[in-house]
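See structure below.
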Amino acid sequence: MSLSKTVKRELYEKLVLADRIDRMIYGRMMQGKLIGFYHPGEGGIAPGVAIGHHLTKDDIYTPHHRAHGIPGMLGKNVPVERYLAEHTGKETGCCKGRSSFHWSFPEYGIYMASGYIGFQFAPTVGWGWAAKRKGKGQIVWCSAGDGGYNQGRAHEAMLMAMNWKLPVVFCCENNGMAIHATVASMHPTEHISSLAKGYGMPAVIVDGQDVFAVAEVAKKAIRHVRAGKGPIFVETKTLRFREHDIGTPDLAGHMPRSEEELADLRRRDPVLVATERVLADGVLTQTQIDTIGEQADVRVAEIEQFADESTIARPSEQELMEAVYAP
Amino acid sequence: MSLSKTVKRELYEKLVLADRIDRMIYGRMMQGKLIGFYHPGEGGIAPGVAIGHHLTKDDIYTPHHRAHGIPGMLGKNVPVERYLAEHTGKETGCCKGRSSFHWSFPEYGIYMASGYIGFQFAPTVGWGWAAKRKGKGQIVWCSAGDGGYNQGRAHEAMLMAMNWKLPVVFCCENNGMAIHATVASMHPTEHISSLAKGYGMPAVIVDGQDVFAVAEVAKKAIRHVRAGKGPIFVETKTLRFREHDIGTPDLAGHMPRSEEELADLRRRDPVLVATERVLADGVLTQTQIDTIGEQADVRVAEIEQFADESTIARPSEQELMEAVYAP
Amino acid sequence: MPPEKNAENTRELAFIEALKEAYIEEMERDERVFMVGQDIQGGIFPHTVGLVDRFGPERIVDTPISESGMYGTAFGSAQEGFRPIVDFMFGGFTYVTWAECSVTTGQYYFLHGSQIPLPIVITLAVGTGQRLANDHSMGLHGSFFPQPGIKVAMPSTPYDAKGLMKAAIRDNNPVVIPWHMGLMMDRGPVPEEDYIVPLGGADVKRVGTDVTVLANSLQLKNTLEVAGKLADEISMEVIDPRSFEPFDMDALLRSLEKTNRLVIVDEDWERGSFAATISARVMEQAFDLLDAPVTLVTFPNMPIPGGYMEPYIAPNPDKIETAVRAVCR
Amino acid sequence: MPPEKNAENTRELAFIEALKEAYIEEMERDERVFMVGQDIQGGIFPHTVGLVDRFGPERIVDTPISESGMYGTAFGSAQEGFRPIVDFMFGGFTYVTWAECSVTTGQYYFLHGSQIPLPIVITLAVGTGQRLANDHSMGLHGSFFPQPGIKVAMPSTPYDAKGLMKAAIRDNNPVVIPWHMGLMMDRGPVPEEDYIVPLGGADVKRVGTDVTVLANSLQLKNTLEVAGKLADEISMEVIDPRSFEPFDMDALLRSLEKTNRLVIVDEDWERGSFAATISARVMEQAFDLLDAPVTLVTFPNMPIPGGYMEPYIAPNPDKIETAVRAVCR
Ligand SMILES: Cc1ncc(C[n+]2csc(CCOP(=O)(O)OP(=O)(O)O)c2C)c(N)n1
Ligand SMILES: Cc1ncc(C[n+]2csc(CCOP(=O)(O)OP(=O)(O)O)c2C)c(N)n1
Ligand SMILES: [Mg+2]
Ligand SMILES: [Mg+2]
């Protein structure tokens, strides 16, 4: 079940765009042009792009929080300028500029972000239950980090999804770290996906630096759950090139990660990996690649412009009070 | 590693006593001579007796809530008359008559009961951490039911205990039911102990109706963790002959369990099984068995007398206010 | 308009039967309504017994003892257009998944730009009387009450139980309905025809002139008992808030204009309670109406003991009488 | 007796450095004291940075993102004789394991017969100013405050931060110490010698005669700003409760005897708040002292919005000034 040339091209375009948006947001944060915090995606953007790409608009998805879900949103064709507008406090933001970073695109099956790591596990049960009960082939993709799977909520969701054979993919975007903690010290086995064994859930492990490899696995996993075969676990082994969130030192435990270590990791940059692949496989020429880069820059500029030109949201207290309860 | 004759005799005595205390409490509840509720143990008392028996006074133990932990307390030689006094609201109760059923025998390493299923998982991490840090060979035995292992807390405790190689036995007293829910509908695999696989934790399954079999497994498991080899999982397959708690109908799902089903289960009564074994193995004669029964009745009468003759605890509001904070 | 409580088509029902009628009628009215909880197919409390025969296990959904997954079944499906009723059995179990059912639920609609509603009813059995001690006896209305974005109402009669539950199910917001175990078997008139008791409407359960007593749930019953007993000496007006959020401040102020004295009875701790909040609001909004300080009858600030202590530690008729007499002195 | 704040051996320290000194001194004093949390070896907030070099990973314990197991490490080890400090990072994360850190903790000592103490310090960063919206900004003192068996205190100066933290660590009960992120880098005098600020003692941070303002934490700072600004018009007495439970009612009443007016500023929702509770207590205990109704400055009852809204939705100097002026009218 290999990917078509068209799909590969689309994935490559989205990957490049995800990368440039991430750098743009990083830059804005450093310039003070963002509200709250940002968790840079560099090194770990491939899984989201690949996963989102294979989901239909109706499918329910919690993109992983790294890069604030943007790779996954791009994958799913969400208008991410509305995310940037939100994160800059604008009226055009996806949550009317109220949420700082708690995005929500219900019309795209992306209901929510939350300040709680592991928040997605509880509603995943409900989304899966609803999807199954409606019986229209909708599925749920629940992504979380290696740290996220430390949450007891993960156990409850996997248990219940298996009991009910819900159409849910449990995905771990394992970048080997959670803030400063290394996965080696926070999980007792080599793979997070070993958890799936406890429930008799099938599991796949894939190289998360290779957007095409993840896309193939995602496609198969989605087919599996859409066919009513119950949950499946997908672990993507990925990386984090930068600090956890901008402003926090980049430590492993309490020691800084070394320049060498980081340089080493960067050899596995997902854009680098993908570029080599598309060139080698004859999917794209260098000229095409350059064009894609330029188009991405144009799109990045558009996104910034949209956010920057939108009006700051400053509703009155009264207006806000009226927005607390649904009519 | 088979059990000595003496140990078998002691186990048998405690089993018979646990059985008669359980029936006594059942009777008292029906007569209105108990406070709050009672979850009868009949059918499921062997694991507690066997486990408690192999723990030292210092070891930390959360006996399973069925039969309100009394089999495990007897195993560990706790003066259970103080539990009955508690459950009847007396000054001599193990919590001064304030707790209804929230027993606590800190001097026996039994810190607490709680109204929350799965409460024991969180402190188990702390008990295990403390035991390891003290390095005096103390261990923790954490028992919960098949329903208890549905709690996300179980995941967090198993994960952390494995990370830190804590001296903890995770035990599931699986009686196939949680109130009305059957384990078949609430857990996706045949054995709860399959969860251990997720953490690379060794697991053993044992016939929970056979007090001697459980005792052998418990002894080995305790030796394993005491030797610093990290956590181990023990699943005892056991039964529940009566309703979940007195007053609640005895249903599986929403259908009553049938007379035949219950009669069938009763063929595996732990006292019956043990009696056959001790007779067959020449551990005890019928006369000795009769004597053990008589002695148990005497002890039961003593326990009741202790509770009945103690004064009802009715401290003033002022006295209670002074007991809220430790000095 | 709700039908008269003593209309012709009114029968006597137990509190718990009234609750059950609300579930049945709303599930029949609206396919999207369903229930999820633990052992609700069997029924730990009688309010769900038999529902599975009528609606099947697809709509009377039992879950493992996994409160976050159980609550998540409601939360996620509500976003997908269902209208779940989630039954927590004993109220204290909400604390097991508190992040989800308090702040995440309360903030969802507002913080995410008021886009899609989150119609969830959270129901729970609460209260003293079973002598199960603190964790099984505490009231949870006071814990949900401060959470913005969540409504909280608590019935004290079979009529209100059915009417408030139906209003909650039809509301497009998360609504918490704790119900007191001590009222479970109380009987009272319940009309057969469709009605709701709107959230946010208090009810004058007894008219009086000397003092207003605001009391809910089991404590309303205790208060009415005291009002009867003292009738010859003190004329007590007894108001049932029914709904804590939204709260019917107008009804309270109307009563205070007449009585100028207020006692609030609340089966909760004083610290951070609904009772204290209303006292503070009365202070701010009606200082000049008061002839005596507002007095609270709540738990002393200790965990609720079990054993024989509960009846004299919890609010009870004696304590209410003492407070009423003191305020009217 | 605490040493004078301006004794010779007093240095200027940042709030967060003062907290850290408390940890260090108490860990050196007492082998049983240790810290547990997430990423405290690295340090998300500077109060733990470097501690692991001094005390090793055995006493600066990092856990997975498993709040119940993390809190359980504290709870269980406290029963075994240790004296844990558990750091929840952002305060809202306590809700993830709320059953454990609220009711199970608060009831343990009392319900189980007052047998063995449970000395745990729960510390958490709270407050607005980071513009991270509701779940990362809400105050948690109001949620812990009602829980019987738990003490809650909140420092507003480096001096109090060190002194309250040390008192909490030495206390034999669960003590919650939220600290406001907006104060993190504030500097102030801190004596070098050993001292504690006893739990339950309020502090008059500014003497005045016209109106008493009870304000804590960042809002204390805002209140002092307003007091300075209005000095020529209105003489504000500013009291820092420092400790919510136990609460120093005597200090408040002493002040009210002089001013007869009270504003309470509390960075929390009004519903079920500390502020409302104190208003209710003042009503009951000091009705006759009041020349004007007690007025609260709190959040409006909505989830705390992020974006540009936080500064004008949260309590702030403008809102405090308005309330003070209204009460003094
Ligand atoms: C319940 C909860 N606990 C702790 C945190 C603080 N926190 C934010 S991100 C994070 C690490 C997440 O690690 P992981 O899931 O592996 O994702 P990554 O950031 O590595 O992609 C932590 C601990 C939180 N937000 N919520
Ligand atoms: C957190 C929580 N949820 C639900 C309950 C209600 N409850 C009490 S006992 C029980 C079933 C427990 O089943 P299991 O752990 O298998 O033990 P068993 O009673 O079968 O021995 C339930 C659901 C509870 N006490 N606590
Ligand atoms: Mg990670
Ligand atoms: Mg069971």
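Ligands are numbered from 1 in the order shown, chains are lettered A, B, ... in the order of the structure tokens, and residues start at 1 in each chain.
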**OP:** Enumerate as a PyMOL selection string the residues belonging to chain C that approach chain D to within 9 Å, with only C-alpha atoms taken into account.
**Re:** chain C and resi 92-100+102-104+106-107+110-111+133-135+142-143+145-149+269-281+283-288+292-296+301-306
Taking only C-alpha atoms into account, report as a PDB file with N, CA and C atoms, in the first residue's frame which residues of chain A lie within 12 Å of chain B.
ATOM      1  N   GLY A 118      -2.838  15.059  28.544  1.00  0.00           N
ATOM      2  CA  GLY A 118      -3.678  13.863  28.691  1.00  0.00           C
ATOM      3  C   GLY A 118      -5.166  14.153  28.691  1.00  0.00           C
ATOM      4  N   PHE A 121      -7.690  11.997  26.379  1.00  0.00           N
ATOM      5  CA  PHE A 121      -8.070  10.588  26.524  1.00  0.00           C
ATOM      6  C   PHE A 121      -9.532  10.413  26.922  1.00  0.00           C
ATOM      7  N   ALA A 122      -9.993  11.244  27.852  1.00  0.00           N
ATOM      8  CA  ALA A 122     -11.386  11.085  28.285  1.00  0.00           C
ATOM      9  C   ALA A 122     -12.371  11.337  27.137  1.00  0.00           C
ATOM     10  N   GLY A 147       5.091  11.606  27.194  1.00  0.00           N
ATOM     11  CA  GLY A 147       4.704  12.045  28.531  1.00  0.00           C
ATOM     12  C   GLY A 147       3.212  11.896  28.754  1.00  0.00           C
ATOM     13  N   GLY A 148       2.436  12.172  27.737  1.00  0.00           N
ATOM     14  CA  GLY A 148       0.988  12.074  27.852  1.00  0.00           C
ATOM     15  C   GLY A 148       0.521  10.677  28.257  1.00  0.00           C
ATOM     16  N   TYR A 149       1.222   9.671  27.760  1.00  0.00           N
ATOM     17  CA  TYR A 149       0.822   8.294  28.096  1.00  0.00           C
ATOM     18  C   TYR A 149       1.167   7.892  29.524  1.00  0.00           C
ATOM     19  N   ASN A 150       1.799   8.786  30.279  1.00  0.00           N
ATOM     20  CA  ASN A 150       1.982   8.536  31.713  1.00  0.00           C
ATOM     21  C   ASN A 150       0.684   8.733  32.486  1.00  0.00           C
ATOM     22  N   GLN A 151      -0.250   9.422  31.877  1.00  0.00           N
ATOM     23  CA  GLN A 151      -1.501   9.756  32.554  1.00  0.00           C
ATOM     24  C   GLN A 151      -2.393   8.527  32.710  1.00  0.00           C
ATOM     25  N   GLY A 152      -2.953   8.378  33.897  1.00  0.00           N
ATOM     26  CA  GLY A 152      -3.925   7.316  34.127  1.00  0.00           C
ATOM     27  C   GLY A 152      -5.085   7.360  33.155  1.00  0.00           C
ATOM     28  N   ARG A 153      -5.421   8.560  32.694  1.00  0.00           N
ATOM     29  CA  ARG A 153      -6.507   8.698  31.712  1.00  0.00           C
ATOM     30  C   ARG A 153      -6.257   7.858  30.458  1.00  0.00           C
ATOM     31  N   ALA A 154      -4.999   7.673  30.090  1.00  0.00           N
ATOM     32  CA  ALA A 154      -4.673   6.881  28.903  1.00  0.00           C
ATOM     33  C   ALA A 154      -5.152   5.444  29.088  1.00  0.00           C
ATOM     34  N   HIS A 155      -4.913   4.915  30.275  1.00  0.00           N
ATOM     35  CA  HIS A 155      -5.345   3.546  30.579  1.00  0.00           C
ATOM     36  C   HIS A 155      -6.859   3.417  30.449  1.00  0.00           C
ATOM     37  N   GLU A 156      -7.570   4.356  31.026  1.00  0.00           N
ATOM     38  CA  GLU A 156      -9.038   4.250  31.005  1.00  0.00           C
ATOM     39  C   GLU A 156      -9.566   4.318  29.573  1.00  0.00           C
ATOM     40  N   ALA A 157      -8.954   5.168  28.773  1.00  0.00           N
ATOM     41  CA  ALA A 157      -9.419   5.314  27.394  1.00  0.00           C
ATOM     42  C   ALA A 157      -9.099   4.061  26.573  1.00  0.00           C
ATOM     43  N   MET A 158      -7.896   3.529  26.734  1.00  0.00           N
ATOM     44  CA  MET A 158      -7.548   2.331  25.958  1.00  0.00           C
ATOM     45  C   MET A 158      -8.410   1.143  26.376  1.00  0.00           C
ATOM     46  N   LEU A 159      -8.620   1.035  27.681  1.00  0.00           N
ATOM     47  CA  LEU A 159      -9.459  -0.048  28.197  1.00  0.00           C
ATOM     48  C   LEU A 159     -10.867   0.031  27.613  1.00  0.00           C
ATOM     49  N   MET A 160     -11.467   1.190  27.704  1.00  0.00           N
ATOM     50  CA  MET A 160     -12.859   1.314  27.268  1.00  0.00           C
ATOM     51  C   MET A 160     -12.984   1.231  25.755  1.00  0.00           C
ATOM     52  N   ALA A 161     -12.028   1.798  25.052  1.00  0.00           N
ATOM     53  CA  ALA A 161     -12.086   1.727  23.583  1.00  0.00           C
ATOM     54  C   ALA A 161     -11.978   0.275  23.124  1.00  0.00           C
ATOM     55  N   MET A 162     -11.157  -0.507  23.827  1.00  0.00           N
ATOM     56  CA  MET A 162     -11.046  -1.928  23.458  1.00  0.00           C
ATOM     57  C   MET A 162     -12.315  -2.685  23.839  1.00  0.00           C
ATOM     58  N   ASN A 163     -12.845  -2.418  25.028  1.00  0.00           N
ATOM     59  CA  ASN A 163     -14.080  -3.103  25.439  1.00  0.00           C
ATOM     60  C   ASN A 163     -15.174  -2.917  24.384  1.00  0.00           C
ATOM     61  N   TRP A 164     -15.271  -1.703  23.902  1.00  0.00           N
ATOM     62  CA  TRP A 164     -16.369  -1.352  23.006  1.00  0.00           C
ATOM     63  C   TRP A 164     -15.971  -1.423  21.536  1.00  0.00           C
ATOM     64  N   LYS A 165     -14.742  -1.850  21.273  1.00  0.00           N
ATOM     65  CA  LYS A 165     -14.242  -1.895  19.890  1.00  0.00           C
ATOM     66  C   LYS A 165     -14.525  -0.588  19.153  1.00  0.00           C
ATOM     67  N   THR A 182      13.571  12.445  30.573  1.00  0.00           N
ATOM     68  CA  THR A 182      13.783  11.549  29.438  1.00  0.00           C
ATOM     69  C   THR A 182      12.828  10.367  29.538  1.00  0.00           C
ATOM     70  N   VAL A 183      12.424   9.891  28.404  1.00  0.00           N
ATOM     71  CA  VAL A 183      11.485   8.761  28.411  1.00  0.00           C
ATOM     72  C   VAL A 183      12.135   7.535  29.049  1.00  0.00           C
ATOM     73  N   ALA A 184      13.432   7.435  28.933  1.00  0.00           N
ATOM     74  CA  ALA A 184      14.115   6.280  29.533  1.00  0.00           C
ATOM     75  C   ALA A 184      13.918   6.240  31.046  1.00  0.00           C
ATOM     76  N   SER A 185      13.801   7.403  31.667  1.00  0.00           N
ATOM     77  CA  SER A 185      13.625   7.383  33.123  1.00  0.00           C
ATOM     78  C   SER A 185      12.153   7.391  33.529  1.00  0.00           C
ATOM     79  N   MET A 186      11.269   7.623  32.578  1.00  0.00           N
ATOM     80  CA  MET A 186       9.851   7.757  32.922  1.00  0.00           C
ATOM     81  C   MET A 186       8.974   6.637  32.386  1.00  0.00           C
ATOM     82  N   HIS A 187       9.574   5.735  31.641  1.00  0.00           N
ATOM     83  CA  HIS A 187       8.794   4.586  31.153  1.00  0.00           C
ATOM     84  C   HIS A 187       9.679   3.343  31.250  1.00  0.00           C
ATOM     85  N   PRO A 188       9.144   2.250  31.752  1.00  0.00           N
ATOM     86  CA  PRO A 188      10.019   1.111  32.073  1.00  0.00           C
ATOM     87  C   PRO A 188      10.416   0.238  30.889  1.00  0.00           C
ATOM     88  N   THR A 189       9.756   0.350  29.751  1.00  0.00           N
ATOM     89  CA  THR A 189      10.123  -0.507  28.627  1.00  0.00           C
ATOM     90  C   THR A 189      10.615   0.355  27.473  1.00  0.00           C
ATOM     91  N   GLU A 190      11.108  -0.299  26.438  1.00  0.00           N
ATOM     92  CA  GLU A 190      11.696   0.467  25.348  1.00  0.00           C
ATOM     93  C   GLU A 190      10.653   1.289  24.593  1.00  0.00           C
ATOM     94  N   HIS A 191       9.492   0.675  24.408  1.00  0.00           N
ATOM     95  CA  HIS A 191       8.467   1.339  23.598  1.00  0.00           C
ATOM     96  C   HIS A 191       7.237   1.684  24.427  1.00  0.00           C
ATOM     97  N   ILE A 192       6.708   2.869  24.217  1.00  0.00           N
ATOM     98  CA  ILE A 192       5.445   3.229  24.878  1.00  0.00           C
ATOM     99  C   ILE A 192       4.341   2.286  24.401  1.00  0.00           C
ATOM    100  N   SER A 193       4.446   1.879  23.156  1.00  0.00           N
ATOM    101  CA  SER A 193       3.388   1.028  22.594  1.00  0.00           C
ATOM    102  C   SER A 193       3.305  -0.334  23.259  1.00  0.00           C
ATOM    103  N   SER A 194       4.265  -0.671  24.112  1.00  0.00           N
ATOM    104  CA  SER A 194       4.114  -1.939  24.841  1.00  0.00           C
ATOM    105  C   SER A 194       2.853  -1.888  25.704  1.00  0.00           C
ATOM    106  N   LEU A 195       2.398  -0.684  26.050  1.00  0.00           N
ATOM    107  CA  LEU A 195       1.160  -0.567  26.824  1.00  0.00           C
ATOM    108  C   LEU A 195      -0.013  -1.251  26.125  1.00  0.00           C
ATOM    109  N   ALA A 196      -0.001  -1.220  24.802  1.00  0.00           N
ATOM    110  CA  ALA A 196      -1.115  -1.801  24.048  1.00  0.00           C
ATOM    111  C   ALA A 196      -1.309  -3.284  24.360  1.00  0.00           C
ATOM    112  N   LYS A 197      -0.203  -3.946  24.665  1.00  0.00           N
ATOM    113  CA  LYS A 197      -0.289  -5.384  24.971  1.00  0.00           C
ATOM    114  C   LYS A 197      -1.250  -5.676  26.120  1.00  0.00           C
ATOM    115  N   GLY A 198      -1.303  -4.770  27.056  1.00  0.00           N
ATOM    116  CA  GLY A 198      -2.164  -4.978  28.215  1.00  0.00           C
ATOM    117  C   GLY A 198      -3.620  -5.150  27.851  1.00  0.00           C
ATOM    118  N   TYR A 199      -3.997  -4.634  26.701  1.00  0.00           N
ATOM    119  CA  TYR A 199      -5.399  -4.678  26.280  1.00  0.00           C
ATOM    120  C   TYR A 199      -5.598  -5.583  25.073  1.00  0.00           C
ATOM    121  N   GLY A 200      -4.527  -6.269  24.665  1.00  0.00           N
ATOM    122  CA  GLY A 200      -4.617  -7.065  23.448  1.00  0.00           C
ATOM    123  C   GLY A 200      -4.822  -6.199  22.216  1.00  0.00           C
ATOM    124  N   MET A 201      -4.301  -4.968  22.267  1.00  0.00           N
ATOM    125  CA  MET A 201      -4.482  -4.037  21.151  1.00  0.00           C
ATOM    126  C   MET A 201      -3.291  -4.153  20.205  1.00  0.00           C
ATOM    127  N   ALA A 203      -0.340  -3.061  17.698  1.00  0.00           N
ATOM    128  CA  ALA A 203       0.504  -1.860  17.761  1.00  0.00           C
ATOM    129  C   ALA A 203       1.511  -1.869  16.623  1.00  0.00           C
ATOM    130  N   GLY A 230     -11.725  -2.281  15.633  1.00  0.00           N
ATOM    131  CA  GLY A 230     -11.346  -1.838  16.980  1.00  0.00           C
ATOM    132  C   GLY A 230     -10.051  -1.046  16.969  1.00  0.00           C
ATOM    133  N   PRO A 231      -9.650  -0.595  18.169  1.00  0.00           N
ATOM    134  CA  PRO A 231      -8.510   0.310  18.293  1.00  0.00           C
ATOM    135  C   PRO A 231      -7.189  -0.300  17.857  1.00  0.00           C
TER     136      PRO A 231
END
Show me which residues sit within 10 Å of ligand 4 when counting only C-alpha atoms and all ligand atoms, and put them as a compact mmCIF listing (two decimals) with C-alpha atoms, in the first residue's frame.
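Produced file part_11.txt, reproduced below:
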# COMPACT_ATOMS: atom_id res chain seq x y z
CA GLY B 44 -13.61 -14.68 48.07
CA HIS B 64 -8.99 -5.85 49.34
CA HIS B 65 -12.26 -4.23 50.43
CA ARG B 66 -14.34 -7.39 50.11
CA ALA B 144 -7.50 -4.40 44.42
CA GLY B 145 -10.37 -6.05 42.61
CA ASP B 146 -10.85 -6.60 38.91
CA GLY B 147 -12.93 -3.44 39.00
CA GLY B 148 -10.20 -1.55 40.84
CA TYR B 149 -7.79 -2.12 37.98
CA CYS B 172 -5.79 -8.38 41.56
CA GLU B 173 -8.41 -10.35 43.42
CA ASN B 174 -10.44 -11.02 40.34
CA ASN B 175 -13.88 -12.32 41.25
CA GLY B 176 -15.27 -11.74 37.79
CA MET B 177 -17.57 -8.93 38.90
CA ALA B 178 -17.70 -5.34 39.99
CA ILE B 179 -21.09 -4.65 41.56
CA HIS B 180 -23.27 -5.84 38.67
CA ALA B 181 -20.75 -5.53 35.88
CA THR B 182 -19.03 -8.66 34.65
CA VAL B 183 -15.32 -8.60 34.06
CA LYS B 237 -9.07 -15.95 40.28
CA THR B 238 -11.74 -15.89 42.90
CA LEU B 239 -15.50 -15.76 43.38
CA ARG B 240 -18.29 -13.82 44.98
CA HIS B 244 -22.21 -6.88 46.03
Please report, as a tab-separated table, each residue of chain C lying at most 8 Å from ligand 2, together with the nearest pair of atoms and the separation in Å rounded to one decimal; use only C-alpha atoms and all ligand atoms, and order rows by chain and ascending residue number.
residue	atom	partner	partner_atom_place_in_ligand_line	distance
C:Gln38	CA	ligand 2	23 (C)	6.5
C:Asp39	CA	ligand 2	23 (C)	7.4
C:Pro64	CA	ligand 2	23 (C)	7.7
C:Ile65	CA	ligand 2	3 (N)	5.4
C:Ser66	CA	ligand 2	3 (N)	7.4
C:Glu67	CA	ligand 2	1 (C)	6.8
C:Phe88	CA	ligand 2	4 (C)	7.9
C:Met89	CA	ligand 2	6 (C)	7.2
C:Phe90	CA	ligand 2	5 (C)	7.5
C:Phe93	CA	ligand 2	1 (C)	5.1
C:Val96	CA	ligand 2	1 (C)	6.1
**OP:** Find the spatial neighbours of Leu3 (chain A), counting only C-alpha atoms, within a cut-off of 7 Å - ignore same-chain residues fewer than 4 positions away - and output them as number ranges by chain.
**Re:** A: 7-8, 216
Go ahead and write the residues just picked, N, CA, C and O atoms, as a PDB file, in the first residue's frame.
ATOM      1  N   VAL A   7       0.136  12.187  -3.562  1.00  0.00           N
ATOM      2  CA  VAL A   7       0.093  12.241  -2.094  1.00  0.00           C
ATOM      3  C   VAL A   7       1.464  12.620  -1.550  1.00  0.00           C
ATOM      4  O   VAL A   7       1.580  13.471  -0.655  1.00  0.00           O
ATOM      5  N   LYS A   8       2.494  12.026  -2.106  1.00  0.00           N
ATOM      6  CA  LYS A   8       3.836  12.349  -1.623  1.00  0.00           C
ATOM      7  C   LYS A   8       4.124  13.831  -1.789  1.00  0.00           C
ATOM      8  O   LYS A   8       4.692  14.477  -0.909  1.00  0.00           O
ATOM      9  N   GLU A 216       2.163   6.114   5.494  1.00  0.00           N
ATOM     10  CA  GLU A 216       1.737   4.740   5.147  1.00  0.00           C
ATOM     11  C   GLU A 216       1.110   4.027   6.336  1.00  0.00           C
ATOM     12  O   GLU A 216       0.069   3.380   6.231  1.00  0.00           O
TER      13      GLU A 216
END
**OP:** Please identify every residue of chain A that has at least one atom no more than 8 Å from any atom of chain D, counting only C-alpha atoms, and report them as an MDAnalysis selection string.
**Re:** chainID A and resid 35:37 86:90 97:101 114:117 147:148 150:152 179:181 186:187 248 251:255 312:315 317 320:321 324
**OP:** Could you pull out the residues in region 171-232 of chain A that DSSP calls helix (DSSP H, G or I) from the backbone, as an MDAnalysis selection string?
**Re:** chainID A and resid 183:186 192:199 211:226
**OP:** Grab the CA of Tyr61 (chain B) to CA of Trp141 (chain B) distance for me, in Å with one decimal place.
**Re:** 4.8 Å
Subject >> Exercise: Arg242 (chain D) partners within 6 Å, only C-alpha atoms, chain neighbours under 6 positions left out, as a list in words >> reply: Ala153, Met154, Pro155 and Ala202 of chain D
Let's have the selection written as a PDB file, in the first residue's frame, with all heavy atoms.
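Okay, this is what ended up in result.pdb:
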ATOM      1  N   ALA D 153      -2.167  28.607  52.990  1.00  0.00           N
ATOM      2  CA  ALA D 153      -1.548  29.919  53.208  1.00  0.00           C
ATOM      3  C   ALA D 153      -0.894  30.372  51.914  1.00  0.00           C
ATOM      4  O   ALA D 153      -0.497  29.546  51.091  1.00  0.00           O
ATOM      5  CB  ALA D 153      -0.519  29.842  54.322  1.00  0.00           C
ATOM      6  N   MET D 154      -0.795  31.695  51.737  1.00  0.00           N
ATOM      7  CA  MET D 154      -0.305  32.229  50.466  1.00  0.00           C
ATOM      8  C   MET D 154       0.516  33.482  50.728  1.00  0.00           C
ATOM      9  O   MET D 154      -0.013  34.481  51.212  1.00  0.00           O
ATOM     10  CB  MET D 154      -1.510  32.560  49.593  1.00  0.00           C
ATOM     11  CG  MET D 154      -1.165  32.771  48.139  1.00  0.00           C
ATOM     12  SD  MET D 154      -2.713  32.725  47.211  1.00  0.00           S
ATOM     13  CE  MET D 154      -2.136  33.013  45.560  1.00  0.00           C
ATOM     14  N   PRO D 155       1.799  33.420  50.427  1.00  0.00           N
ATOM     15  CA  PRO D 155       2.654  34.561  50.733  1.00  0.00           C
ATOM     16  C   PRO D 155       2.542  35.661  49.679  1.00  0.00           C
ATOM     17  O   PRO D 155       2.223  35.397  48.524  1.00  0.00           O
ATOM     18  CB  PRO D 155       4.060  33.959  50.706  1.00  0.00           C
ATOM     19  CG  PRO D 155       3.960  32.783  49.799  1.00  0.00           C
ATOM     20  CD  PRO D 155       2.544  32.277  49.896  1.00  0.00           C
ATOM     21  N   ALA D 202      -2.320  37.011  60.361  1.00  0.00           N
ATOM     22  CA  ALA D 202      -2.423  38.027  59.314  1.00  0.00           C
ATOM     23  C   ALA D 202      -1.375  39.103  59.574  1.00  0.00           C
ATOM     24  O   ALA D 202      -0.750  39.130  60.635  1.00  0.00           O
ATOM     25  CB  ALA D 202      -3.815  38.631  59.312  1.00  0.00           C
TER      26      ALA D 202
END
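Across A:Gly27, A:Pro256, A:Pro327, A:Gly41, the tightest approach to ligand 1 is made by A:Gly41 when counting only C-alpha atoms and all ligand atoms.
In this model, the gap between CA of Leu253 (chain D) and CA of Thr212 (chain D) comes to 9.8 Å.
Taking CA of Ile289 (chain A) and CA of His54 (chain A) as endpoints, the distance between them is 22.4 Å.
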**OP:** Would you please give, as a ChimeraX atom specification, all residues of region 19-268 of chain A that DSSP assigns to strand (DSSP E or B) based on the backbone?
**Re:** /A:60-62,90,105,110,140-145,168-174,177-178,181-182,203-207,232-237,251-252,255-256
